[in-house]
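Participant: Contents are mmCIF, C-alpha atoms, pLDDT in the B column; chains and numbers go by the auth columns; file name coords12.cif:
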data_structure
#
loop_
_atom_site.group_PDB
_atom_site.id
_atom_site.type_symbol
_atom_site.label_atom_id
_atom_site.label_comp_id
_atom_site.label_asym_id
_atom_site.label_seq_id
_atom_site.Cartn_x
_atom_site.Cartn_y
_atom_site.Cartn_z
_atom_site.B_iso_or_equiv
_atom_site.auth_seq_id
_atom_site.auth_asym_id
ATOM 1 C CA GLY A 1 0.000 0.000 0.000 33.00 29 A
ATOM 2 C CA GLU A 2 0.936 3.644 -0.154 33.00 30 A
ATOM 3 C CA SER A 3 3.527 4.755 2.338 33.00 31 A
ATOM 4 C CA VAL A 4 2.088 7.843 3.984 36.00 32 A
ATOM 5 C CA GLY A 5 4.579 10.408 5.124 45.00 33 A
ATOM 6 C CA LEU A 6 7.540 9.008 3.271 55.00 34 A
ATOM 7 C CA HIS A 7 10.452 11.242 4.126 70.00 35 A
ATOM 8 C CA LEU A 8 12.687 12.226 1.260 79.00 36 A
ATOM 9 C CA PRO A 9 16.068 13.717 2.105 88.00 37 A
ATOM 10 C CA THR A 10 16.074 15.771 -1.099 91.00 38 A
ATOM 11 C CA LEU A 11 13.424 17.272 -3.317 93.00 39 A
ATOM 12 C CA SER A 12 14.070 18.970 -6.649 95.00 40 A
ATOM 13 C CA VAL A 13 11.391 21.079 -8.299 95.00 41 A
ATOM 14 C CA GLN A 14 11.060 23.594 -11.075 96.00 42 A
ATOM 15 C CA GLU A 15 10.341 27.219 -10.318 96.00 43 A
ATOM 16 C CA GLY A 16 6.598 27.758 -10.181 96.00 44 A
ATOM 17 C CA ASP A 17 5.779 24.194 -9.162 96.00 45 A
ATOM 18 C CA ASN A 18 4.158 23.325 -5.866 96.00 46 A
ATOM 19 C CA SER A 19 6.370 21.534 -3.336 96.00 47 A
ATOM 20 C CA ILE A 20 5.308 19.074 -0.659 96.00 48 A
ATOM 21 C CA ILE A 21 7.702 18.196 2.122 96.00 49 A
ATOM 22 C CA ASN A 22 6.780 15.395 4.508 94.00 50 A
ATOM 23 C CA CYS A 23 7.721 14.686 8.073 93.00 51 A
ATOM 24 C CA ALA A 24 6.911 11.865 10.467 92.00 52 A
ATOM 25 C CA TYR A 25 6.997 12.879 14.108 90.00 53 A
ATOM 26 C CA SER A 26 7.783 10.569 16.936 84.00 54 A
ATOM 27 C CA ASN A 27 5.703 11.364 20.002 85.00 55 A
ATOM 28 C CA SER A 28 1.927 11.034 20.013 86.00 56 A
ATOM 29 C CA ALA A 29 1.842 13.352 23.048 85.00 57 A
ATOM 30 C CA SER A 30 3.340 16.264 21.082 88.00 58 A
ATOM 31 C CA ASP A 31 0.871 19.103 20.785 87.00 59 A
ATOM 32 C CA TYR A 32 2.668 21.843 18.906 88.00 60 A
ATOM 33 C CA PHE A 33 4.547 21.619 15.637 91.00 61 A
ATOM 34 C CA ILE A 34 6.719 24.035 13.715 91.00 62 A
ATOM 35 C CA TRP A 35 8.341 24.092 10.299 94.00 63 A
ATOM 36 C CA TYR A 36 11.720 25.750 10.002 94.00 64 A
ATOM 37 C CA LYS A 37 13.742 26.717 6.953 95.00 65 A
ATOM 38 C CA GLN A 38 17.512 26.652 7.200 94.00 66 A
ATOM 39 C CA GLU A 39 19.669 28.246 4.554 94.00 67 A
ATOM 40 C CA SER A 40 23.316 27.400 4.242 90.00 68 A
ATOM 41 C CA GLY A 41 25.362 28.893 7.064 87.00 69 A
ATOM 42 C CA LYS A 42 22.347 30.286 8.900 90.00 70 A
ATOM 43 C CA GLY A 43 20.131 29.386 11.801 92.00 71 A
ATOM 44 C CA PRO A 44 16.661 27.863 11.412 92.00 72 A
ATOM 45 C CA GLN A 45 14.026 30.390 10.425 93.00 73 A
ATOM 46 C CA PHE A 46 10.430 30.014 11.583 91.00 74 A
ATOM 47 C CA ILE A 47 7.981 29.404 8.710 94.00 75 A
ATOM 48 C CA ILE A 48 4.678 28.262 10.139 94.00 76 A
ATOM 49 C CA ASP A 49 3.292 26.439 13.143 91.00 77 A
ATOM 50 C CA ILE A 50 0.246 24.376 14.007 92.00 78 A
ATOM 51 C CA ARG A 51 -1.314 23.117 17.209 89.00 79 A
ATOM 52 C CA SER A 52 -2.598 19.599 17.646 90.00 80 A
ATOM 53 C CA ASN A 53 -6.235 20.719 17.773 91.00 81 A
ATOM 54 C CA MET A 54 -5.970 21.759 14.133 94.00 82 A
ATOM 55 C CA ASP A 55 -5.362 19.726 10.998 96.00 83 A
ATOM 56 C CA LYS A 56 -4.559 22.519 8.590 97.00 84 A
ATOM 57 C CA ARG A 57 -3.130 25.988 8.724 97.00 85 A
ATOM 58 C CA GLN A 58 -2.321 28.366 5.899 97.00 86 A
ATOM 59 C CA GLY A 59 0.218 31.120 5.632 94.00 87 A
ATOM 60 C CA GLN A 60 1.532 33.123 2.762 92.00 88 A
ATOM 61 C CA ARG A 61 2.297 30.548 0.043 96.00 89 A
ATOM 62 C CA VAL A 62 2.674 27.844 2.674 97.00 90 A
ATOM 63 C CA THR A 63 0.239 25.359 4.171 97.00 91 A
ATOM 64 C CA VAL A 64 0.886 22.897 6.957 97.00 92 A
ATOM 65 C CA LEU A 65 -1.186 19.733 7.296 97.00 93 A
ATOM 66 C CA LEU A 66 -1.277 17.617 10.419 96.00 94 A
ATOM 67 C CA ASN A 67 -2.471 14.002 10.533 95.00 95 A
ATOM 68 C CA LYS A 68 -2.349 12.856 14.118 93.00 96 A
ATOM 69 C CA THR A 69 -3.616 9.386 13.278 93.00 97 A
ATOM 70 C CA VAL A 70 -0.416 8.495 11.472 92.00 98 A
ATOM 71 C CA LYS A 71 1.768 11.138 13.162 93.00 99 A
ATOM 72 C CA HIS A 72 2.487 12.893 9.924 93.00 100 A
ATOM 73 C CA LEU A 73 3.135 16.510 9.114 94.00 101 A
ATOM 74 C CA SER A 74 3.510 18.097 5.706 95.00 102 A
ATOM 75 C CA LEU A 75 4.533 21.484 4.398 97.00 103 A
ATOM 76 C CA GLN A 76 3.162 22.630 1.075 97.00 104 A
ATOM 77 C CA ILE A 77 4.827 25.524 -0.716 97.00 105 A
ATOM 78 C CA ALA A 78 2.891 27.053 -3.571 97.00 106 A
ATOM 79 C CA ALA A 79 4.594 28.493 -6.631 97.00 107 A
ATOM 80 C CA THR A 80 8.054 27.548 -5.402 97.00 108 A
ATOM 81 C CA GLN A 81 10.757 30.127 -6.019 96.00 109 A
ATOM 82 C CA PRO A 82 14.558 29.830 -6.174 95.00 110 A
ATOM 83 C CA GLY A 83 14.716 31.661 -2.852 95.00 111 A
ATOM 84 C CA ASP A 84 12.866 28.743 -1.280 97.00 112 A
ATOM 85 C CA SER A 85 15.927 26.537 -1.785 97.00 113 A
ATOM 86 C CA ALA A 86 17.042 25.446 1.680 96.00 114 A
ATOM 87 C CA VAL A 87 16.836 22.600 4.175 94.00 115 A
ATOM 88 C CA TYR A 88 13.418 22.272 5.796 95.00 116 A
ATOM 89 C CA PHE A 89 12.944 20.769 9.233 93.00 117 A
ATOM 90 C CA CYS A 90 9.807 19.935 11.140 93.00 118 A
ATOM 91 C CA ALA A 91 9.920 20.172 14.926 91.00 119 A
ATOM 92 C CA GLU A 92 7.600 18.920 17.650 91.00 120 A
ATOM 93 C CA THR A 93 7.263 19.779 21.297 84.00 121 A
ATOM 94 C CA LEU A 94 6.416 17.452 24.119 67.00 122 A
ATOM 95 C CA ASN A 95 3.209 17.987 26.031 50.00 123 A
ATOM 96 C CA GLN A 96 4.856 19.252 29.188 55.00 124 A
ATOM 97 C CA ALA A 97 6.270 22.449 30.580 53.00 125 A
ATOM 98 C CA GLY A 98 9.703 23.647 29.617 59.00 126 A
ATOM 99 C CA THR A 99 9.549 22.185 26.194 72.00 127 A
ATOM 100 C CA ALA A 100 12.521 21.540 23.995 80.00 128 A
ATOM 101 C CA LEU A 101 12.050 21.075 20.292 86.00 129 A
ATOM 102 C CA ILE A 102 12.598 17.676 18.745 87.00 130 A
ATOM 103 C CA PHE A 103 13.686 18.071 15.166 89.00 131 A
ATOM 104 C CA GLY A 104 12.928 15.654 12.367 86.00 132 A
ATOM 105 C CA LYS A 105 15.238 14.764 9.551 82.00 133 A
ATOM 106 C CA GLY A 106 15.668 17.629 7.164 90.00 134 A
ATOM 107 C CA THR A 107 14.665 17.766 3.529 94.00 135 A
ATOM 108 C CA THR A 108 16.838 19.690 1.129 94.00 136 A
ATOM 109 C CA LEU A 109 14.687 21.555 -1.380 96.00 137 A
ATOM 110 C CA SER A 110 16.364 22.574 -4.633 96.00 138 A
ATOM 111 C CA VAL A 111 14.497 24.892 -6.960 96.00 139 A
ATOM 112 C CA SER A 112 15.718 25.316 -10.494 94.00 140 A
ATOM 113 C CA SER A 113 14.755 28.155 -12.802 88.00 141 A
ATOM 114 C CA ASN B 1 14.256 44.858 16.970 52.00 18 B
ATOM 115 C CA ALA B 2 17.367 42.722 16.903 71.00 19 B
ATOM 116 C CA GLY B 3 16.966 38.988 16.718 90.00 20 B
ATOM 117 C CA VAL B 4 18.852 36.403 18.690 94.00 21 B
ATOM 118 C CA MET B 5 22.554 37.218 18.618 96.00 22 B
ATOM 119 C CA GLN B 6 25.370 34.752 18.916 97.00 23 B
ATOM 120 C CA ASN B 7 29.106 35.237 19.009 97.00 24 B
ATOM 121 C CA PRO B 8 31.520 34.351 17.849 97.00 25 B
ATOM 122 C CA ARG B 9 30.117 33.149 14.547 96.00 26 B
ATOM 123 C CA HIS B 10 33.143 30.942 13.973 97.00 27 B
ATOM 124 C CA LEU B 11 35.479 29.529 16.590 98.00 28 B
ATOM 125 C CA VAL B 12 38.584 27.416 16.092 98.00 29 B
ATOM 126 C CA ARG B 13 40.099 25.569 19.022 98.00 30 B
ATOM 127 C CA ARG B 14 42.798 22.971 19.462 97.00 31 B
ATOM 128 C CA ARG B 15 42.075 19.777 21.336 97.00 32 B
ATOM 129 C CA GLY B 16 42.152 20.378 25.091 97.00 33 B
ATOM 130 C CA GLN B 17 41.294 24.070 24.927 98.00 34 B
ATOM 131 C CA GLU B 18 38.109 25.669 26.193 98.00 35 B
ATOM 132 C CA ALA B 19 35.334 27.051 24.021 98.00 36 B
ATOM 133 C CA ARG B 20 32.910 29.746 25.177 98.00 37 B
ATOM 134 C CA LEU B 21 29.845 30.461 23.100 98.00 38 B
ATOM 135 C CA ARG B 22 27.629 33.442 23.826 98.00 39 B
ATOM 136 C CA CYS B 23 23.957 34.034 23.155 97.00 40 B
ATOM 137 C CA SER B 24 21.890 37.168 23.667 96.00 41 B
ATOM 138 C CA PRO B 25 18.157 36.439 23.394 94.00 42 B
ATOM 139 C CA MET B 26 15.661 38.608 21.597 91.00 43 B
ATOM 140 C CA LYS B 27 14.463 41.641 23.501 89.00 44 B
ATOM 141 C CA GLY B 28 11.724 40.635 25.883 84.00 45 B
ATOM 142 C CA HIS B 29 12.633 36.949 25.811 86.00 46 B
ATOM 143 C CA SER B 30 13.624 35.340 29.061 85.00 47 B
ATOM 144 C CA HIS B 31 14.052 31.727 27.960 88.00 48 B
ATOM 145 C CA VAL B 32 17.095 30.379 26.181 92.00 49 B
ATOM 146 C CA TYR B 33 17.691 27.021 24.547 92.00 50 B
ATOM 147 C CA TRP B 34 20.912 25.595 23.170 96.00 51 B
ATOM 148 C CA TYR B 35 21.003 23.080 20.327 96.00 52 B
ATOM 149 C CA ARG B 36 23.829 21.307 18.540 96.00 53 B
ATOM 150 C CA GLN B 37 23.837 20.435 14.869 94.00 54 B
ATOM 151 C CA LEU B 38 26.298 17.969 13.441 90.00 55 B
ATOM 152 C CA PRO B 39 26.982 18.089 9.694 83.00 56 B
ATOM 153 C CA GLU B 40 24.096 16.784 7.589 78.00 57 B
ATOM 154 C CA GLU B 41 21.900 16.290 10.649 82.00 58 B
ATOM 155 C CA GLY B 42 19.037 18.009 12.407 85.00 59 B
ATOM 156 C CA LEU B 43 19.369 20.025 15.575 91.00 60 B
ATOM 157 C CA LYS B 44 19.597 18.196 18.891 93.00 61 B
ATOM 158 C CA PHE B 45 18.453 19.818 22.111 93.00 62 B
ATOM 159 C CA MET B 46 21.091 20.389 24.777 95.00 63 B
ATOM 160 C CA VAL B 47 19.828 22.664 27.535 95.00 64 B
ATOM 161 C CA TYR B 48 17.006 25.025 28.458 91.00 65 B
ATOM 162 C CA LEU B 49 17.630 27.971 30.778 91.00 66 B
ATOM 163 C CA GLN B 50 15.833 30.866 32.327 90.00 67 B
ATOM 164 C CA LYS B 51 17.613 33.720 34.067 88.00 68 B
ATOM 165 C CA GLU B 52 19.850 32.208 36.764 90.00 69 B
ATOM 166 C CA ASN B 53 18.190 28.795 36.407 91.00 70 B
ATOM 167 C CA ILE B 54 18.864 25.647 34.434 92.00 71 B
ATOM 168 C CA ILE B 55 15.448 24.172 33.743 88.00 72 B
ATOM 169 C CA ASP B 56 16.288 21.151 31.599 89.00 73 B
ATOM 170 C CA GLU B 57 19.782 19.896 30.800 92.00 74 B
ATOM 171 C CA SER B 58 18.765 16.433 29.694 91.00 75 B
ATOM 172 C CA GLY B 59 20.531 16.872 26.350 93.00 76 B
ATOM 173 C CA MET B 60 23.849 17.998 27.749 95.00 77 B
ATOM 174 C CA PRO B 61 26.801 15.603 27.797 94.00 78 B
ATOM 175 C CA LYS B 62 27.592 14.676 31.377 91.00 79 B
ATOM 176 C CA GLU B 63 31.151 15.921 31.256 95.00 80 B
ATOM 177 C CA ARG B 64 32.952 18.998 29.941 97.00 81 B
ATOM 178 C CA PHE B 65 29.783 20.901 28.968 98.00 82 B
ATOM 179 C CA SER B 66 28.104 23.556 31.084 97.00 83 B
ATOM 180 C CA ALA B 67 25.696 26.409 30.506 97.00 84 B
ATOM 181 C CA GLU B 68 24.588 29.479 32.367 96.00 85 B
ATOM 182 C CA PHE B 69 22.247 32.399 31.908 95.00 86 B
ATOM 183 C CA PRO B 70 23.145 35.041 34.474 93.00 87 B
ATOM 184 C CA LYS B 71 20.904 37.817 35.678 90.00 88 B
ATOM 185 C CA GLU B 72 22.880 40.252 33.566 91.00 89 B
ATOM 186 C CA GLY B 73 24.543 39.468 30.295 93.00 90 B
ATOM 187 C CA PRO B 74 24.310 36.746 27.691 96.00 91 B
ATOM 188 C CA SER B 75 23.853 33.037 28.093 97.00 92 B
ATOM 189 C CA ILE B 76 27.123 31.118 27.903 98.00 93 B
ATOM 190 C CA LEU B 77 27.701 27.587 26.672 98.00 94 B
ATOM 191 C CA ARG B 78 31.076 26.414 27.852 98.00 95 B
ATOM 192 C CA ILE B 79 32.936 23.390 26.568 98.00 96 B
ATOM 193 C CA GLN B 80 36.057 22.401 28.446 98.00 97 B
ATOM 194 C CA GLN B 81 38.898 20.312 27.012 98.00 98 B
ATOM 195 C CA VAL B 82 37.375 20.213 23.570 98.00 99 B
ATOM 196 C CA VAL B 83 37.743 17.137 21.381 97.00 100 B
ATOM 197 C CA ARG B 84 37.315 16.784 17.637 95.00 101 B
ATOM 198 C CA GLY B 85 33.862 15.312 18.110 94.00 102 B
ATOM 199 C CA ASP B 86 32.708 18.638 19.546 96.00 103 B
ATOM 200 C CA SER B 87 33.059 20.216 16.104 96.00 104 B
ATOM 201 C CA ALA B 88 29.540 21.279 15.167 96.00 105 B
ATOM 202 C CA ALA B 89 27.247 24.246 14.792 96.00 106 B
ATOM 203 C CA TYR B 90 25.785 25.406 18.089 98.00 107 B
ATOM 204 C CA PHE B 91 22.514 27.295 17.921 97.00 108 B
ATOM 205 C CA CYS B 92 20.799 29.329 20.550 96.00 109 B
ATOM 206 C CA ALA B 93 17.069 29.984 20.505 92.00 110 B
ATOM 207 C CA SER B 94 14.936 32.202 22.696 90.00 111 B
ATOM 208 C CA SER B 95 11.261 32.411 23.473 84.00 112 B
ATOM 209 C CA PRO B 96 9.059 34.765 25.443 79.00 113 B
ATOM 210 C CA ARG B 97 7.204 32.004 27.247 66.00 114 B
ATOM 211 C CA SER B 98 3.555 32.524 27.970 53.00 115 B
ATOM 212 C CA ASN B 99 1.415 30.324 30.136 50.00 116 B
ATOM 213 C CA ARG B 100 -1.663 31.349 28.202 45.00 117 B
ATOM 214 C CA ASP B 101 -0.818 30.123 24.767 52.00 118 B
ATOM 215 C CA ARG B 102 1.767 27.542 23.919 51.00 119 B
ATOM 216 C CA ALA B 103 2.054 28.992 20.453 49.00 120 B
ATOM 217 C CA LEU B 104 3.667 32.075 21.933 49.00 121 B
ATOM 218 C CA GLU B 105 6.560 29.936 23.016 62.00 122 B
ATOM 219 C CA THR B 106 7.806 29.701 19.477 75.00 123 B
ATOM 220 C CA GLN B 107 11.552 29.571 19.560 81.00 124 B
ATOM 221 C CA TYR B 108 13.525 31.959 17.399 87.00 125 B
ATOM 222 C CA PHE B 109 17.032 30.950 16.473 92.00 126 B
ATOM 223 C CA GLY B 110 20.281 32.829 16.251 95.00 127 B
ATOM 224 C CA PRO B 111 22.768 32.449 13.381 95.00 128 B
ATOM 225 C CA GLY B 112 24.824 29.883 15.264 96.00 129 B
ATOM 226 C CA THR B 113 28.456 29.461 16.245 97.00 130 B
ATOM 227 C CA ARG B 114 30.451 27.050 14.142 97.00 131 B
ATOM 228 C CA LEU B 115 33.053 25.370 16.292 97.00 132 B
ATOM 229 C CA LEU B 116 35.969 23.630 14.674 97.00 133 B
ATOM 230 C CA VAL B 117 38.326 21.606 16.835 97.00 134 B
ATOM 231 C CA LEU B 118 41.698 20.901 15.287 96.00 135 B
#
Written as structure tokens, how would this file's structure read?

Facilitator:
Amino acid sequence: GESVGLHLPTLSVQEGDNSIINCAYSNSASDYFIWYKQESGKGPQFIIDIRSNMDKRQGQRVTVLLNKTVKHLSLQIAATQPGDSAVYFCAETLNQAGTALIFGKGTTLSVSS
Amino acid sequence: NAGVMQNPRHLVRRRGQEARLRCSPMKGHSHVYWYRQLPEEGLKFMVYLQKENIIDESGMPKERFSAEFPKEGPSILRIQQVVRGDSAAYFCASSPRSNRDRALETQYFGPGTRLLVL
């Protein structure tokens, strides 16, 4: 059957295409999730977040989808641009005070003109 | 409004020396987190501090590593007697922390300090 949430370490798209980046998180108790973008030589940059009581949230050109049943998170980028080229990480927080972020494996997005 | 500031941006040390990494949180943020990123990997949590308090150091190696966040001044991550395996990018993040809405605890990251141990 179809493998939901298959993580790909790299994703190459053409400028203008839509991109979908997947992430499988580890802890069913996590209640807050964030997508970060990391460009070469820089720190992670906040993109969008979502709480566990939601299954979808939209930002500017980005949408995050949350499927708690299979512990899967996805980031959709519309009309991908060369400036979107970076490594994308999802992060989850544990459902307790003083929360550290647990980062997933990154996906390197390459956008060609 | 300046973001999270870290210095130095690059640090070279020989084995056995000490490394001190500094982090100034965003204005209005009182919570600091340190993460380590090895090449080609995601960030791994090390320690979470508030002013004058270590809240969670479950990700810190038991030896040689220490962190502080004094009442005045930046947070410091200190690595004593560095070894080659300590070579990594060290990122600091800060958050405002609100008990009302977890979403306000979003952590904002600094540019990182890249430590190279020769």

Participant: Determine, counting all atoms listed in the file, which protein, DNA and RNA residues have an atom within 8 Å of an atom of range 102-112 of chain A; residues of the same chain fewer than 4 positions away are not included. Present the result as a list in words.

Facilitator: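 So, after excluding close chain neighbours, the residues are Gly33, Val41, Gln42, Glu43, Gly44, Asp45, Asn46, Ser47, Ile48, Ile49, Asn50, Cys51, Trp63, Arg89, Val90, Thr91, Val92, Leu93, Leu94, Leu137, Ser138, Val139, Ser140 and Ser141 of chain A.
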
Participant: Counting only C-alpha atoms, which residue out of B:Pro78, B:Gly33, B:Pro42, B:Gly59 sits closest to Gly132 in chain A?

Facilitator: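 Ranked by minimum distance to Gly132 in chain A, first place goes to B:Gly59.
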
Participant: Grab the CA of Gly90 in chain B to CA of Glu67 in chain A distance for me, in Å with one decimal place.

Facilitator: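 So the answer is 28.5 Å.
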
Participant: Using all atoms listed in the file, which chain A residues lie at most 8 Å away from chain B, written as a ChimeraX atom specification?

Facilitator: /A:60,69-74,77,79,117,126,128-134

Participant: May I have the selected residues written with C-alpha atoms, as a PDB file, keeping the file's coordinate frame?

Facilitator:
ATOM      1  CA  TYR A  60       2.668  21.843  18.906  1.00 88.00           C
ATOM      2  CA  GLY A  69      25.362  28.893   7.064  1.00 87.00           C
ATOM      3  CA  LYS A  70      22.347  30.286   8.900  1.00 90.00           C
ATOM      4  CA  GLY A  71      20.131  29.386  11.801  1.00 92.00           C
ATOM      5  CA  PRO A  72      16.661  27.863  11.412  1.00 92.00           C
ATOM      6  CA  GLN A  73      14.026  30.390  10.425  1.00 93.00           C
ATOM      7  CA  PHE A  74      10.430  30.014  11.583  1.00 91.00           C
ATOM      8  CA  ASP A  77       3.292  26.439  13.143  1.00 91.00           C
ATOM      9  CA  ARG A  79      -1.314  23.117  17.209  1.00 89.00           C
ATOM     10  CA  PHE A 117      12.944  20.769   9.233  1.00 93.00           C
ATOM     11  CA  GLY A 126       9.703  23.647  29.617  1.00 59.00           C
ATOM     12  CA  ALA A 128      12.521  21.540  23.995  1.00 80.00           C
ATOM     13  CA  LEU A 129      12.050  21.075  20.292  1.00 86.00           C
ATOM     14  CA  ILE A 130      12.598  17.676  18.745  1.00 87.00           C
ATOM     15  CA  PHE A 131      13.686  18.071  15.166  1.00 89.00           C
ATOM     16  CA  GLY A 132      12.928  15.654  12.367  1.00 86.00           C
ATOM     17  CA  LYS A 133      15.238  14.764   9.551  1.00 82.00           C
ATOM     18  CA  GLY A 134      15.668  17.629   7.164  1.00 90.00           C
TER      19      GLY A 134
END

Participant: In Å, how far is it from CA of Arg31 in chain B to CA of Ser92 in chain B?

Facilitator: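 We find that CA of Arg31 in chain B and CA of Ser92 in chain B lie 23.1 Å from each other.
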
Participant: Name the closest residue to Thr97 in chain A among the candidates A:Ile75, A:Ile62, A:Ala57, A:Ala119; distances are taken between atoms, counting all atoms listed in the file.

Facilitator: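 So, comparing all the options, the nearest one is A:Ala57.
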
Participant: Written as an NGL selection string, what is the full residue list that the PyMOL selection byres ((chain B and resi 47) around 7) yields on the file shown?

Facilitator: :B and (45-46 or 48-49 or 67-68 or 112-113)

Participant: Taking (19.9, 40.2, 17.8) in the coordinates of the supplied file, I want to know which residues reach to within 9 Å of it, counting all atoms listed in the file; could you give the answer as a list of chain:residue names?

Facilitator: B:Asn18, B:Ala19, B:Gly20, B:Val21, B:Met22, B:Gln23, B:Ser41, B:Pro42, B:Met43, B:Lys44, B:Gly127

Participant: I want to know what sits within 9 Å of Arg32 in chain B, based on all atoms listed in the file, with residues of the same chain fewer than 3 positions away left out; could you give that as a compact mmCIF listing (two decimals) with C-alpha atoms, in the frame of the given file?

Facilitator:
# COMPACT_ATOMS: atom_id res chain seq x y z
CA GLU B 35 38.11 25.67 26.19
CA GLN B 98 38.90 20.31 27.01
CA VAL B 99 37.38 20.21 23.57
CA VAL B 100 37.74 17.14 21.38
CA ARG B 101 37.32 16.78 17.64
CA VAL B 134 38.33 21.61 16.84
CA LEU B 135 41.70 20.90 15.29

Participant: What's the separation between CA of Lys84 in chain A and CA of Thr135 in chain A, in Å to one decimal place?

Facilitator: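 Those two atoms sit 20.4 Å apart.
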
Participant: When the PyMOL selection byres ((chain B and resi 93) around 9) is applied to the file above, which residues end up in the set, as a PyMOL selection string?

Facilitator: chain B and resi 37-40+83-87+91-92+94-95

Participant: What would the file look like if the residues just selected were written as a PDB file, keeping the file's coordinate frame with C-alpha atoms?

Facilitator:
ATOM      1  CA  ARG B  37      32.910  29.746  25.177  1.00 98.00           C
ATOM      2  CA  LEU B  38      29.845  30.461  23.100  1.00 98.00           C
ATOM      3  CA  ARG B  39      27.629  33.442  23.826  1.00 98.00           C
ATOM      4  CA  CYS B  40      23.957  34.034  23.155  1.00 97.00           C
ATOM      5  CA  SER B  83      28.104  23.556  31.084  1.00 97.00           C
ATOM      6  CA  ALA B  84      25.696  26.409  30.506  1.00 97.00           C
ATOM      7  CA  GLU B  85      24.588  29.479  32.367  1.00 96.00           C
ATOM      8  CA  PHE B  86      22.247  32.399  31.908  1.00 95.00           C
ATOM      9  CA  PRO B  87      23.145  35.041  34.474  1.00 93.00           C
ATOM     10  CA  PRO B  91      24.310  36.746  27.691  1.00 96.00           C
ATOM     11  CA  SER B  92      23.853  33.037  28.093  1.00 97.00           C
ATOM     12  CA  LEU B  94      27.701  27.587  26.672  1.00 98.00           C
ATOM     13  CA  ARG B  95      31.076  26.414  27.852  1.00 98.00           C
TER      14      ARG B  95
END

Participant: From the options A:Thr121, A:Arg85, A:His100, A:Ile78, which residue's atoms come nearest to Tyr53 in chain A, counting all atoms listed in the file?

Facilitator: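 Residue with the minimum atom-to-atom distance to Tyr53 in chain A: A:His100.
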
Participant: So which residues are close to (34.6, 25.2, 14.1), meaning at most 6 Å away in the file's coordinates with only C-alpha atoms counted, and can you show them as a list in words?

Facilitator: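 Residues with an atom close enough to that point: His27, Leu28, Val29, Ser104, Arg131, Leu132, Leu133 and Val134 of chain B.
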
Participant: Go through A:Ser56, A:Ser40, A:Gln88, A:Asn95 and flag the residue nearest Ile76 in chain A, using all atoms listed in the file for the distances.

Facilitator: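 Counting all atoms listed in the file, the residue closest to Ile76 in chain A is A:Gln88.
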